[in-house]
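> So that you have it, the file is coords.cif, and it contains mmCIF, C-alpha atoms:
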data_target
#
loop_
_atom_site.group_PDB
_atom_site.id
_atom_site.type_symbol
_atom_site.label_atom_id
_atom_site.label_comp_id
_atom_site.auth_asym_id
_atom_site.auth_seq_id
_atom_site.Cartn_x
_atom_site.Cartn_y
_atom_site.Cartn_z
ATOM 1 C CA MET A 283 0.000 0.000 0.000
ATOM 2 C CA LYS A 284 2.755 2.381 1.022
ATOM 3 C CA ARG A 285 4.774 1.496 -2.088
ATOM 4 C CA ILE A 286 1.778 2.194 -4.346
ATOM 5 C CA ALA A 287 1.331 5.592 -2.677
ATOM 6 C CA VAL A 288 5.022 6.425 -3.220
ATOM 7 C CA ILE A 289 4.786 5.430 -6.891
ATOM 8 C CA ALA A 290 1.639 7.526 -7.298
ATOM 9 C CA VAL A 291 3.332 10.584 -5.772
ATOM 10 C CA LEU A 292 6.404 10.110 -7.979
ATOM 11 C CA VAL A 293 4.280 9.759 -11.132
ATOM 12 C CA ALA A 294 2.214 12.803 -10.131
ATOM 13 C CA ALA A 295 5.437 14.808 -9.776
ATOM 14 C CA PHE A 296 7.053 13.383 -12.914
ATOM 15 C CA VAL A 297 4.257 13.970 -15.440
ATOM 16 C CA PRO A 298 3.982 17.790 -15.090
ATOM 17 C CA LEU A 299 7.792 18.113 -14.944
ATOM 18 C CA ALA A 300 8.231 16.030 -18.103
ATOM 19 C CA ALA A 301 5.484 18.012 -19.828
ATOM 20 C CA ALA A 302 7.206 21.276 -18.879
ATOM 21 C CA VAL A 303 10.587 20.025 -20.087
ATOM 22 C CA ALA A 304 9.036 18.904 -23.374
ATOM 23 C CA GLN A 305 7.857 22.456 -23.990
ATOM 24 C CA LEU A 306 11.323 23.968 -23.526
ATOM 25 C CA PRO A 307 13.072 25.082 -26.724
ATOM 26 C CA THR A 308 15.426 22.490 -28.206
ATOM 27 C CA PHE A 309 18.931 22.725 -26.780
ATOM 28 C CA GLY A 310 21.283 24.649 -29.052
ATOM 29 C CA GLU A 311 18.558 25.697 -31.520
ATOM 30 C CA ALA A 312 19.620 28.827 -33.441
ATOM 31 C CA SER A 313 16.228 30.491 -32.886
ATOM 32 C CA ASN A 314 16.401 30.240 -29.061
ATOM 33 C CA PRO A 315 16.231 33.596 -27.239
ATOM 34 C CA THR A 316 19.709 33.033 -25.781
ATOM 35 C CA ASN A 317 21.152 32.705 -29.274
ATOM 36 C CA THR A 318 19.172 35.469 -30.980
ATOM 37 C CA TYR A 319 20.018 38.478 -28.821
ATOM 38 C CA LEU A 320 21.646 37.586 -25.490
ATOM 39 C CA VAL A 321 24.880 35.931 -26.638
ATOM 40 C CA PRO A 322 25.438 38.276 -29.638
ATOM 41 C CA ARG A 323 24.964 41.259 -27.306
ATOM 42 C CA TYR A 324 27.531 39.884 -24.819
ATOM 43 C CA LEU A 325 30.009 39.067 -27.575
ATOM 44 C CA GLN A 326 29.678 42.317 -29.498
ATOM 45 C CA LYS A 327 29.170 44.875 -26.739
ATOM 46 C CA GLY A 328 30.565 43.100 -23.679
ATOM 47 C CA PRO A 329 34.099 44.567 -23.689
ATOM 48 C CA GLU A 330 32.750 48.056 -24.338
ATOM 49 C CA GLU A 331 29.766 47.959 -21.918
ATOM 50 C CA ALA A 332 31.220 45.904 -19.087
ATOM 51 C CA GLY A 333 34.870 46.893 -19.292
ATOM 52 C CA ALA A 334 36.720 43.578 -19.599
ATOM 53 C CA ALA A 335 38.123 42.146 -22.822
ATOM 54 C CA ASN A 336 37.399 38.594 -21.595
ATOM 55 C CA VAL A 337 33.630 38.175 -22.101
ATOM 56 C CA VAL A 338 33.389 35.532 -19.353
ATOM 57 C CA THR A 339 34.652 38.115 -16.848
ATOM 58 C CA ASP A 340 32.116 40.631 -18.209
ATOM 59 C CA VAL A 341 29.277 38.196 -17.532
ATOM 60 C CA ILE A 342 30.564 37.061 -14.130
ATOM 61 C CA LEU A 343 31.397 40.443 -12.626
ATOM 62 C CA ASN A 344 29.109 42.849 -14.465
ATOM 63 C CA TYR A 345 26.078 41.425 -16.305
ATOM 64 C CA ARG A 346 25.557 38.677 -13.715
ATOM 65 C CA GLY A 347 27.287 40.447 -10.834
ATOM 66 C CA TYR A 348 24.464 39.710 -8.371
ATOM 67 C CA ASP A 349 24.802 35.959 -9.061
ATOM 68 C CA THR A 350 28.522 36.067 -8.332
ATOM 69 C CA ASN A 351 27.843 38.112 -5.188
ATOM 70 C CA GLY A 352 25.444 35.378 -4.051
ATOM 71 C CA GLU A 353 27.928 32.617 -4.862
ATOM 72 C CA VAL A 354 30.631 34.333 -2.852
ATOM 73 C CA VAL A 355 28.292 34.536 0.144
ATOM 74 C CA VAL A 356 27.403 30.831 -0.310
ATOM 75 C CA ILE A 357 31.093 29.809 -0.232
ATOM 76 C CA PHE A 358 31.669 31.952 2.862
ATOM 77 C CA THR A 359 28.622 30.374 4.529
ATOM 78 C CA ALA A 360 30.034 26.927 3.702
ATOM 79 C CA LEU A 361 33.225 27.883 5.550
ATOM 80 C CA ILE A 362 31.235 29.106 8.559
ATOM 81 C CA ALA A 363 29.276 25.825 8.549
ATOM 82 C CA ALA A 364 32.480 23.757 8.386
ATOM 83 C CA LEU A 365 34.038 25.731 11.249
ATOM 84 C CA ALA A 366 30.853 25.544 13.335
ATOM 85 C CA THR A 367 30.280 21.780 12.920
ATOM 86 C CA LEU A 368 33.910 20.688 13.367
ATOM 87 C CA LEU A 369 34.619 23.151 16.202
ATOM 88 C CA VAL A 370 38.368 23.517 15.720
ATOM 89 C CA ARG A 371 40.428 26.085 17.618
ATOM 90 C CA PRO A 372 43.254 27.938 15.853
ATOM 91 C CA LYS A 373 45.825 26.234 18.115
ATOM 92 C CA GLN A 374 44.644 22.783 17.049
ATOM 93 C CA MET A 375 45.136 23.724 13.405
ATOM 94 C CA ALA A 376 48.831 24.409 13.945
ATOM 95 C CA ALA A 377 49.423 21.078 15.710
ATOM 96 C CA THR A 378 50.919 18.388 13.507
ATOM 97 C CA PRO A 379 48.423 15.619 12.780
ATOM 98 C CA PRO A 380 49.142 12.106 14.138
ATOM 99 C CA GLY A 381 51.463 10.016 12.007
ATOM 100 C CA ASP A 382 53.000 13.203 10.711
ATOM 101 C CA ASP A 383 56.269 12.740 12.605
ATOM 102 C CA ALA A 384 57.522 10.278 9.990
ATOM 103 C CA PRO A 385 60.519 11.736 8.117
ATOM 104 C CA ARG A 386 59.407 13.546 5.002
ATOM 105 C CA SER A 387 60.881 12.626 1.664
ATOM 106 C CA PRO A 388 63.635 15.137 0.802
ATOM 107 C CA ILE A 389 62.800 14.734 -2.890
ATOM 108 C CA VAL A 390 59.174 15.773 -2.365
ATOM 109 C CA SER A 391 60.015 18.795 -0.216
ATOM 110 C CA PHE A 392 62.737 19.898 -2.656
ATOM 111 C CA VAL A 393 60.409 19.653 -5.676
ATOM 112 C CA VAL A 394 57.610 21.470 -3.823
ATOM 113 C CA LYS A 395 59.987 24.254 -2.762
ATOM 114 C CA ALA A 396 61.283 24.512 -6.326
ATOM 115 C CA ILE A 397 57.877 24.784 -8.043
ATOM 116 C CA ALA A 398 56.048 26.808 -5.338
ATOM 117 C CA PRO A 399 57.275 30.255 -6.546
ATOM 118 C CA PHE A 400 56.178 29.460 -10.088
ATOM 119 C CA ILE A 401 52.711 28.416 -8.908
ATOM 120 C CA ALA A 402 52.473 31.629 -6.859
ATOM 121 C CA VAL A 403 53.412 33.801 -9.847
ATOM 122 C CA PHE A 404 50.917 31.923 -12.029
ATOM 123 C CA THR A 405 48.099 32.636 -9.549
ATOM 124 C CA VAL A 406 48.948 36.342 -9.499
ATOM 125 C CA TYR A 407 48.926 36.328 -13.300
ATOM 126 C CA LEU A 408 45.544 34.541 -13.366
ATOM 127 C CA VAL A 409 43.957 36.990 -10.920
ATOM 128 C CA LEU A 410 45.315 40.210 -12.418
ATOM 129 C CA HIS A 411 45.023 39.114 -16.054
ATOM 130 C CA GLY A 412 41.540 37.643 -15.601
ATOM 131 C CA HIS A 413 39.775 40.462 -17.405
ATOM 132 C CA LEU A 414 41.954 40.004 -20.501
ATOM 133 C CA SER A 415 42.425 36.240 -20.795
ATOM 134 C CA PRO A 416 40.781 33.093 -19.374
ATOM 135 C CA GLY A 417 41.140 32.968 -15.605
ATOM 136 C CA GLY A 418 40.245 35.333 -12.829
ATOM 137 C CA GLY A 419 39.684 35.482 -9.109
ATOM 138 C CA PHE A 420 38.058 32.069 -8.657
ATOM 139 C CA GLN A 421 40.664 30.170 -10.666
ATOM 140 C CA GLY A 422 43.653 32.044 -9.261
ATOM 141 C CA GLY A 423 42.304 31.836 -5.705
ATOM 142 C CA THR A 424 41.674 28.105 -5.925
ATOM 143 C CA ILE A 425 45.169 27.424 -7.269
ATOM 144 C CA PHE A 426 46.660 29.594 -4.509
ATOM 145 C CA GLY A 427 44.592 27.692 -1.944
ATOM 146 C CA ALA A 428 45.906 24.439 -3.425
ATOM 147 C CA LEU A 429 49.441 25.837 -3.123
ATOM 148 C CA ILE A 430 48.913 26.631 0.585
ATOM 149 C CA ILE A 431 47.526 23.098 1.102
ATOM 150 C CA LEU A 432 50.549 21.651 -0.744
ATOM 151 C CA LEU A 433 52.983 23.592 1.455
ATOM 152 C CA SER A 434 51.076 22.561 4.614
ATOM 153 C CA LEU A 435 51.178 18.899 3.567
ATOM 154 C CA THR A 436 54.853 18.748 2.660
ATOM 155 C CA LEU A 437 56.515 21.291 4.968
ATOM 156 C CA GLY A 438 54.172 21.154 7.970
ATOM 157 C CA HIS A 439 51.022 23.017 8.972
ATOM 158 C CA LYS A 440 52.873 25.836 10.699
ATOM 159 C CA TYR A 441 54.493 26.781 7.395
ATOM 160 C CA GLY A 442 51.160 27.066 5.606
ATOM 161 C CA LEU A 443 49.460 28.815 8.524
ATOM 162 C CA SER A 444 52.191 31.478 8.569
ATOM 163 C CA LEU A 445 50.917 32.582 5.147
ATOM 164 C CA LEU A 446 47.574 33.520 6.769
ATOM 165 C CA PRO A 447 48.468 35.345 10.021
ATOM 166 C CA GLU A 448 45.994 34.559 12.791
ATOM 167 C CA ARG A 449 44.973 38.161 13.413
ATOM 168 C CA SER A 450 44.098 38.940 9.799
ATOM 169 C CA ARG A 451 42.728 35.463 8.970
ATOM 170 C CA PRO A 452 39.003 36.276 9.433
ATOM 171 C CA TRP A 453 39.390 39.331 7.209
ATOM 172 C CA LEU A 454 41.160 37.306 4.530
ATOM 173 C CA GLN A 455 38.456 34.621 4.670
ATOM 174 C CA ALA A 456 35.773 37.281 4.229
ATOM 175 C CA ALA A 457 37.761 39.176 1.561
ATOM 176 C CA ALA A 458 35.482 38.209 -1.336
ATOM 177 C CA VAL A 459 32.277 39.168 0.489
ATOM 178 C CA LEU A 460 33.832 42.420 1.729
ATOM 179 C CA ALA A 461 35.113 43.321 -1.769
ATOM 180 C CA PHE A 462 31.650 42.778 -3.243
ATOM 181 C CA ILE A 463 29.968 44.836 -0.516
ATOM 182 C CA ALA A 464 32.507 47.655 -0.945
ATOM 183 C CA VAL A 465 32.251 47.791 -4.744
ATOM 184 C CA GLY A 466 28.477 47.324 -4.589
ATOM 185 C CA LEU A 467 28.003 50.209 -2.144
ATOM 186 C CA LEU A 468 30.432 52.398 -4.129
ATOM 187 C CA GLY A 469 28.322 51.690 -7.209
ATOM 188 C CA TRP A 470 25.189 52.554 -5.231
ATOM 189 C CA ALA A 471 26.669 55.840 -4.032
ATOM 190 C CA LEU A 472 28.179 56.948 -7.337
ATOM 191 C CA CYS A 473 26.113 55.247 -10.053
ATOM 192 C CA GLY A 474 22.671 54.826 -8.467
ATOM 193 C CA ALA A 475 22.360 51.038 -8.105
ATOM 194 C CA TYR A 476 24.002 48.272 -6.064
ATOM 195 C CA LEU A 477 26.985 46.890 -8.004
ATOM 196 C CA ALA A 478 26.493 49.376 -10.869
ATOM 197 C CA TYR A 479 29.614 50.394 -12.760
ATOM 198 C CA PRO A 480 30.418 53.846 -14.180
ATOM 199 C CA SER A 481 29.699 53.763 -17.898
ATOM 200 C CA TYR A 482 31.323 57.005 -18.947
ATOM 201 C CA SER A 483 34.352 56.557 -21.140
ATOM 202 C CA GLN A 484 36.276 59.097 -19.017
ATOM 203 C CA LEU A 485 35.883 56.864 -15.980
ATOM 204 C CA GLU A 486 37.235 53.769 -17.689
ATOM 205 C CA TRP A 487 40.094 53.417 -15.185
ATOM 206 C CA VAL A 488 37.654 53.532 -12.254
ATOM 207 C CA ARG A 489 35.686 50.627 -13.722
ATOM 208 C CA GLU A 490 38.911 48.752 -14.399
ATOM 209 C CA GLY A 491 39.998 49.359 -10.802
ATOM 210 C CA TRP A 492 36.686 48.037 -9.408
ATOM 211 C CA LEU A 493 36.930 44.916 -11.560
ATOM 212 C CA ILE A 494 40.481 44.256 -10.365
ATOM 213 C CA ALA A 495 39.462 44.924 -6.730
ATOM 214 C CA LEU A 496 36.692 42.322 -7.087
ATOM 215 C CA GLU A 497 39.080 39.809 -8.704
ATOM 216 C CA ILE A 498 41.671 40.253 -5.951
ATOM 217 C CA GLY A 499 38.980 39.986 -3.264
ATOM 218 C CA ILE A 500 37.576 36.774 -4.776
ATOM 219 C CA GLY A 501 41.104 35.350 -5.152
ATOM 220 C CA VAL A 502 42.239 36.086 -1.591
ATOM 221 C CA GLY A 503 38.922 34.966 -0.092
ATOM 222 C CA GLY A 504 38.828 31.745 -2.117
ATOM 223 C CA ALA A 505 42.401 30.805 -1.219
ATOM 224 C CA ALA A 506 41.872 31.534 2.498
ATOM 225 C CA ILE A 507 38.598 29.578 2.595
ATOM 226 C CA PHE A 508 39.999 26.494 0.824
ATOM 227 C CA ALA A 509 43.083 26.443 3.042
ATOM 228 C CA THR A 510 41.003 26.876 6.216
ATOM 229 C CA VAL A 511 38.617 24.061 5.264
ATOM 230 C CA PHE A 512 41.663 21.817 4.754
ATOM 231 C CA TRP A 513 43.214 22.740 8.122
ATOM 232 C CA THR A 514 39.861 22.313 9.867
ATOM 233 C CA MET A 515 39.414 18.804 8.463
ATOM 234 C CA GLU A 516 43.030 17.809 9.187
ATOM 235 C CA ALA A 517 43.065 19.106 12.759
ATOM 236 C CA GLU A 518 43.061 16.720 15.685
ATOM 237 C CA PRO A 519 39.534 16.718 17.208
ATOM 238 C CA MET B 28 39.871 14.007 -35.874
ATOM 239 C CA SER B 29 38.450 16.309 -33.231
ATOM 240 C CA GLU B 30 35.250 14.251 -33.081
ATOM 241 C CA ILE B 31 37.180 11.020 -32.528
ATOM 242 C CA PHE B 32 39.095 12.686 -29.664
ATOM 243 C CA ASP B 33 35.828 13.979 -28.187
ATOM 244 C CA LEU B 34 34.300 10.523 -28.391
ATOM 245 C CA LEU B 35 37.376 8.966 -26.773
ATOM 246 C CA LEU B 36 37.207 11.497 -23.933
ATOM 247 C CA LEU B 37 33.512 10.842 -23.339
ATOM 248 C CA VAL B 38 34.020 7.060 -23.291
ATOM 249 C CA LEU B 39 36.892 7.494 -20.809
ATOM 250 C CA LEU B 40 34.710 9.832 -18.729
ATOM 251 C CA ILE B 41 31.888 7.284 -18.444
ATOM 252 C CA THR B 42 34.361 4.470 -17.753
ATOM 253 C CA THR B 43 36.052 6.354 -14.908
ATOM 254 C CA ALA B 44 32.652 7.355 -13.482
ATOM 255 C CA LEU B 45 31.557 3.692 -13.422
ATOM 256 C CA CYS B 46 34.911 2.690 -11.872
ATOM 257 C CA VAL B 47 34.442 5.223 -9.057
ATOM 258 C CA ILE B 48 31.048 3.724 -8.216
ATOM 259 C CA ARG B 49 32.251 0.111 -8.343
ATOM 260 C CA THR B 50 35.525 0.517 -6.416
ATOM 261 C CA LYS B 51 35.290 -0.578 -2.773
ATOM 262 C CA ASP B 52 38.696 0.880 -1.870
ATOM 263 C CA LEU B 53 37.939 4.552 -1.131
ATOM 264 C CA LEU B 54 41.558 5.649 -1.655
ATOM 265 C CA ALA B 55 41.527 4.163 -5.164
ATOM 266 C CA ALA B 56 38.106 5.727 -5.763
ATOM 267 C CA ALA B 57 39.435 9.181 -4.810
ATOM 268 C CA VAL B 58 42.375 8.805 -7.204
ATOM 269 C CA ILE B 59 40.125 7.604 -10.054
ATOM 270 C CA PHE B 60 37.759 10.499 -9.316
ATOM 271 C CA SER B 61 40.639 12.935 -9.774
ATOM 272 C CA THR B 62 41.336 11.276 -13.155
ATOM 273 C CA TYR B 63 37.661 11.837 -13.978
ATOM 274 C CA SER B 64 38.126 15.531 -13.179
ATOM 275 C CA LEU B 65 41.198 15.753 -15.421
ATOM 276 C CA ILE B 66 39.314 14.177 -18.351
ATOM 277 C CA MET B 67 36.386 16.522 -17.655
ATOM 278 C CA CYS B 68 38.878 19.409 -17.741
ATOM 279 C CA LEU B 69 40.020 18.298 -21.220
ATOM 280 C CA VAL B 70 36.377 18.089 -22.325
ATOM 281 C CA TRP B 71 35.758 21.685 -21.159
ATOM 282 C CA GLN B 72 38.850 22.802 -23.031
ATOM 283 C CA MET B 73 37.719 20.986 -26.210
ATOM 284 C CA ARG B 74 34.286 22.652 -25.896
ATOM 285 C CA GLY B 75 35.981 26.060 -25.825
ATOM 286 C CA ALA B 76 35.555 26.901 -22.115
ATOM 287 C CA PRO B 77 39.110 27.468 -20.809
ATOM 288 C CA ASP B 78 37.807 29.320 -17.717
ATOM 289 C CA VAL B 79 35.803 26.295 -16.606
ATOM 290 C CA ALA B 80 38.692 23.975 -17.540
ATOM 291 C CA LEU B 81 41.007 25.903 -15.204
ATOM 292 C CA THR B 82 38.476 25.720 -12.371
ATOM 293 C CA GLU B 83 37.879 22.008 -12.955
ATOM 294 C CA ALA B 84 41.612 21.268 -12.883
ATOM 295 C CA ALA B 85 42.156 23.309 -9.695
ATOM 296 C CA VAL B 86 39.021 22.343 -7.744
ATOM 297 C CA GLY B 87 38.139 18.905 -9.127
ATOM 298 C CA ALA B 88 41.559 17.359 -9.600
ATOM 299 C CA GLY B 89 43.383 19.318 -6.889
ATOM 300 C CA VAL B 90 41.545 20.543 -3.818
ATOM 301 C CA THR B 91 38.634 18.060 -3.774
ATOM 302 C CA THR B 92 40.999 15.093 -4.036
ATOM 303 C CA VAL B 93 43.051 16.389 -1.101
ATOM 304 C CA LEU B 94 39.884 16.884 0.967
ATOM 305 C CA PHE B 95 38.752 13.314 0.108
ATOM 306 C CA LEU B 96 42.166 11.957 1.126
ATOM 307 C CA VAL B 97 42.036 13.887 4.413
ATOM 308 C CA THR B 98 38.565 12.466 5.089
ATOM 309 C CA ILE B 99 39.775 8.917 4.352
ATOM 310 C CA SER B 100 42.779 9.372 6.659
ATOM 311 C CA ARG B 101 40.370 10.491 9.421
ATOM 312 C CA THR B 102 37.824 7.683 8.879
ATOM 313 C CA VAL B 103 38.138 4.276 7.195
ATOM 314 C CA ARG B 104 39.670 3.278 3.900
ATOM 315 C CA ARG B 105 37.347 0.471 2.832
ATOM 316 C CA GLU B 106 33.662 0.707 2.028
ATOM 317 C CA LYS B 107 31.554 -1.689 4.109
#
Step by step, read the file and then write its structure as C-alpha cells.


Amino acid sequence: MKRIAVIAVLVAAFVPLAAAVAQLPTFGEASNPTNTYLVPRYLQKGPEEAGAANVVTDVILNYRGYDTNGEVVVIFTALIAALATLLVRPKQMAATPPGDDAPRSPIVSFVVKAIAPFIAVFTVYLVLHGHLSPGGGFQGGTIFGALIILLSLTLGHKYGLSLLPERSRPWLQAAAVLAFIAVGLLGWALCGAYLAYPSYSQLEWVREGWLIALEIGIGVGGAAIFATVFWTMEAEP
Amino acid sequence: MSEIFDLLLLVLLITTALCVIRTKDLLAAAVIFSTYSLIMCLVWQMRGAPDVALTEAAVGAGVTTVLFLVTISRTVRREK
C-alpha cells in the first residue's frame, strides 16, 4: 500500500515536470532567445559595456554580478558551517596531525619548494590578467589555496598557517564578500544602483579598478577559505 | 579528428565514473575520481571553455581530491 502511494506521488510529480521540459526550446537551436540576442549582445558589446576584454569576466562580474555576489556569500557560509560543525580552535590547526612525525621525503620537499614560486606567480597572473584572458579570481584563488595546502602537507602546517596570520585570517576569509559589498556600495553611491559600474568613457580606469578589486577579493577569499577548510578537516579533534 | 578525440574522452569519462562507483577501496576511488576531473577538464577545453577547464583542474583534480584523502585518513579506507 505504502509502495503504491510512493509510486503515485512520484508519477504525479514526474508527469507535469516532463510536460514542462518537453515544452522547452530544443537545446542549441539557433532560434532560441539566448542565441538570438543575449549571446550576440555579450560578444559584441561586452568589452565596451562591461569593461573587460574577456567576455566571461564581463558576464561574471558585471552582467551577472548579483549571481557572483550570491555565490561568494554561499562559499563563505560553507566555511562558517564547516568551522561551526567541526569546532576547531586555531591552536589545534597548527598542531601536527598524528602520524606526521615520519621523516618527510627530501625529494618531495625539494620539488615542492622549487615549483612553489612558479605556482604563486601563475596565480597572481591569473587573478590580475583575468579580465583580458581566461582565468580570474576564482581560478587564481583556488590554485593559490591548493598551493597553501601543498605547502602545509609537505613542509608542515605551521608553514602554511604562517601565510595567513591569525589576526588577519578572518578578514582574509571574508575578503570576497567584503570586496563585493565595498564595490556594490560604491556603485550605489556613485552610479545609483548596487553593483552598478560607471559607464562614462572618461571613468574607464575607475571601472577597471573596481573589476580588479573584485578579482583580488575573490582570489584572496577563495584561497583563504579552501586552506582553512583543509586545516579544519586535518586538525586533531 | 576532433570528433574522434571527443568521443574517446567521453568514453573514458563514463568508464572512470563507473569505476568510481564500483571501487570498494575509497583511496583508489578518490584517485580515479581525480582522473575523472582531469578528463572533464580536457572536455571543457575541447568545448571552448578554458575558464571552466582551469576551475575544474584546480578544484576537481586538486583541492577536492586532497579533501577526500584527508577524510579517508580520518575515517576508514574500505567501504563496508

> Taking all atoms listed in the file into account, which of B:Gln72, B:Leu45, B:Leu39, B:Ala57 comes nearest Ile99 of chain B?

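Distance minimum relative to Ile99 of chain B lands on B:Ala57.
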
> Convert the output of the PyMOL selection byres ((chain B and resi 40) around 9) on the shown file into explicit residues, formatted as number ranges by chain.

B: 35-39, 41-45, 62-64, 66-67

> My list of candidates is B:Ala76, B:Leu65, B:Ala84, B:Leu96. Which is closest to Ser415 of chain A when distances are computed with all atoms listed in the file?

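Closest candidate: B:Ala76.
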
> Could you list the residues chosen by the PyMOL selection byres ((chain A) within 9 of (chain B)) in this structure as number ranges by chain?

A: 338, 415-418, 420-422, 424-425, 427-428, 431, 508, 511-512, 515-516

> So what does the PyMOL selection byres ((chain A and resi 433-438) around 10) actually pick up in this one, as an MDAnalysis selection string?

(chainID A and resid 376:379 382:383 386:388 390:392 394:395 398 427:432 439:445 509 512:513 516) or (chainID B and resid 93)

> Please save C-alpha atoms of the selected residues as a PDB file, in the coordinates of the input.


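This went into selection-v5.pdb:
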ATOM      1  CA  ALA A 376      48.831  24.409  13.945  1.00  0.00           C
ATOM      2  CA  ALA A 377      49.423  21.078  15.710  1.00  0.00           C
ATOM      3  CA  THR A 378      50.919  18.388  13.507  1.00  0.00           C
ATOM      4  CA  PRO A 379      48.423  15.619  12.780  1.00  0.00           C
ATOM      5  CA  ASP A 382      53.000  13.203  10.711  1.00  0.00           C
ATOM      6  CA  ASP A 383      56.269  12.740  12.605  1.00  0.00           C
ATOM      7  CA  ARG A 386      59.407  13.546   5.002  1.00  0.00           C
ATOM      8  CA  SER A 387      60.881  12.626   1.664  1.00  0.00           C
ATOM      9  CA  PRO A 388      63.635  15.137   0.802  1.00  0.00           C
ATOM     10  CA  VAL A 390      59.174  15.773  -2.365  1.00  0.00           C
ATOM     11  CA  SER A 391      60.015  18.795  -0.216  1.00  0.00           C
ATOM     12  CA  PHE A 392      62.737  19.898  -2.656  1.00  0.00           C
ATOM     13  CA  VAL A 394      57.610  21.470  -3.823  1.00  0.00           C
ATOM     14  CA  LYS A 395      59.987  24.254  -2.762  1.00  0.00           C
ATOM     15  CA  ALA A 398      56.048  26.808  -5.338  1.00  0.00           C
ATOM     16  CA  GLY A 427      44.592  27.692  -1.944  1.00  0.00           C
ATOM     17  CA  ALA A 428      45.906  24.439  -3.425  1.00  0.00           C
ATOM     18  CA  LEU A 429      49.441  25.837  -3.123  1.00  0.00           C
ATOM     19  CA  ILE A 430      48.913  26.631   0.585  1.00  0.00           C
ATOM     20  CA  ILE A 431      47.526  23.098   1.102  1.00  0.00           C
ATOM     21  CA  LEU A 432      50.549  21.651  -0.744  1.00  0.00           C
ATOM     22  CA  HIS A 439      51.022  23.017   8.972  1.00  0.00           C
ATOM     23  CA  LYS A 440      52.873  25.836  10.699  1.00  0.00           C
ATOM     24  CA  TYR A 441      54.493  26.781   7.395  1.00  0.00           C
ATOM     25  CA  GLY A 442      51.160  27.066   5.606  1.00  0.00           C
ATOM     26  CA  LEU A 443      49.460  28.815   8.524  1.00  0.00           C
ATOM     27  CA  SER A 444      52.191  31.478   8.569  1.00  0.00           C
ATOM     28  CA  LEU A 445      50.917  32.582   5.147  1.00  0.00           C
ATOM     29  CA  ALA A 509      43.083  26.443   3.042  1.00  0.00           C
ATOM     30  CA  PHE A 512      41.663  21.817   4.754  1.00  0.00           C
ATOM     31  CA  TRP A 513      43.214  22.740   8.122  1.00  0.00           C
ATOM     32  CA  GLU A 516      43.030  17.809   9.187  1.00  0.00           C
TER      33      GLU A 516
ATOM     34  CA  VAL B  93      43.051  16.389  -1.101  1.00  0.00           C
TER      35      VAL B  93
END

> Identify which of the residues A:Pro399, A:Gly474, A:Pro322, A:Gly333 lies closest to Glu486 of chain A, counting all atoms listed in the file when measuring atom-to-atom distances.

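Closest to Glu486 of chain A of all the choices is A:Gly333.
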
> Interatomic distance between atom CA of His413 of chain A and atom CA of Leu454 of chain A?

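Between atom CA of His413 of chain A and atom CA of Leu454 of chain A the gap is 22.2 Å.
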
> Between atom CA of Asn314 of chain A and atom CA of Ser29 of chain B, what is the spacing in Å?

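So the answer is 26.4 Å.
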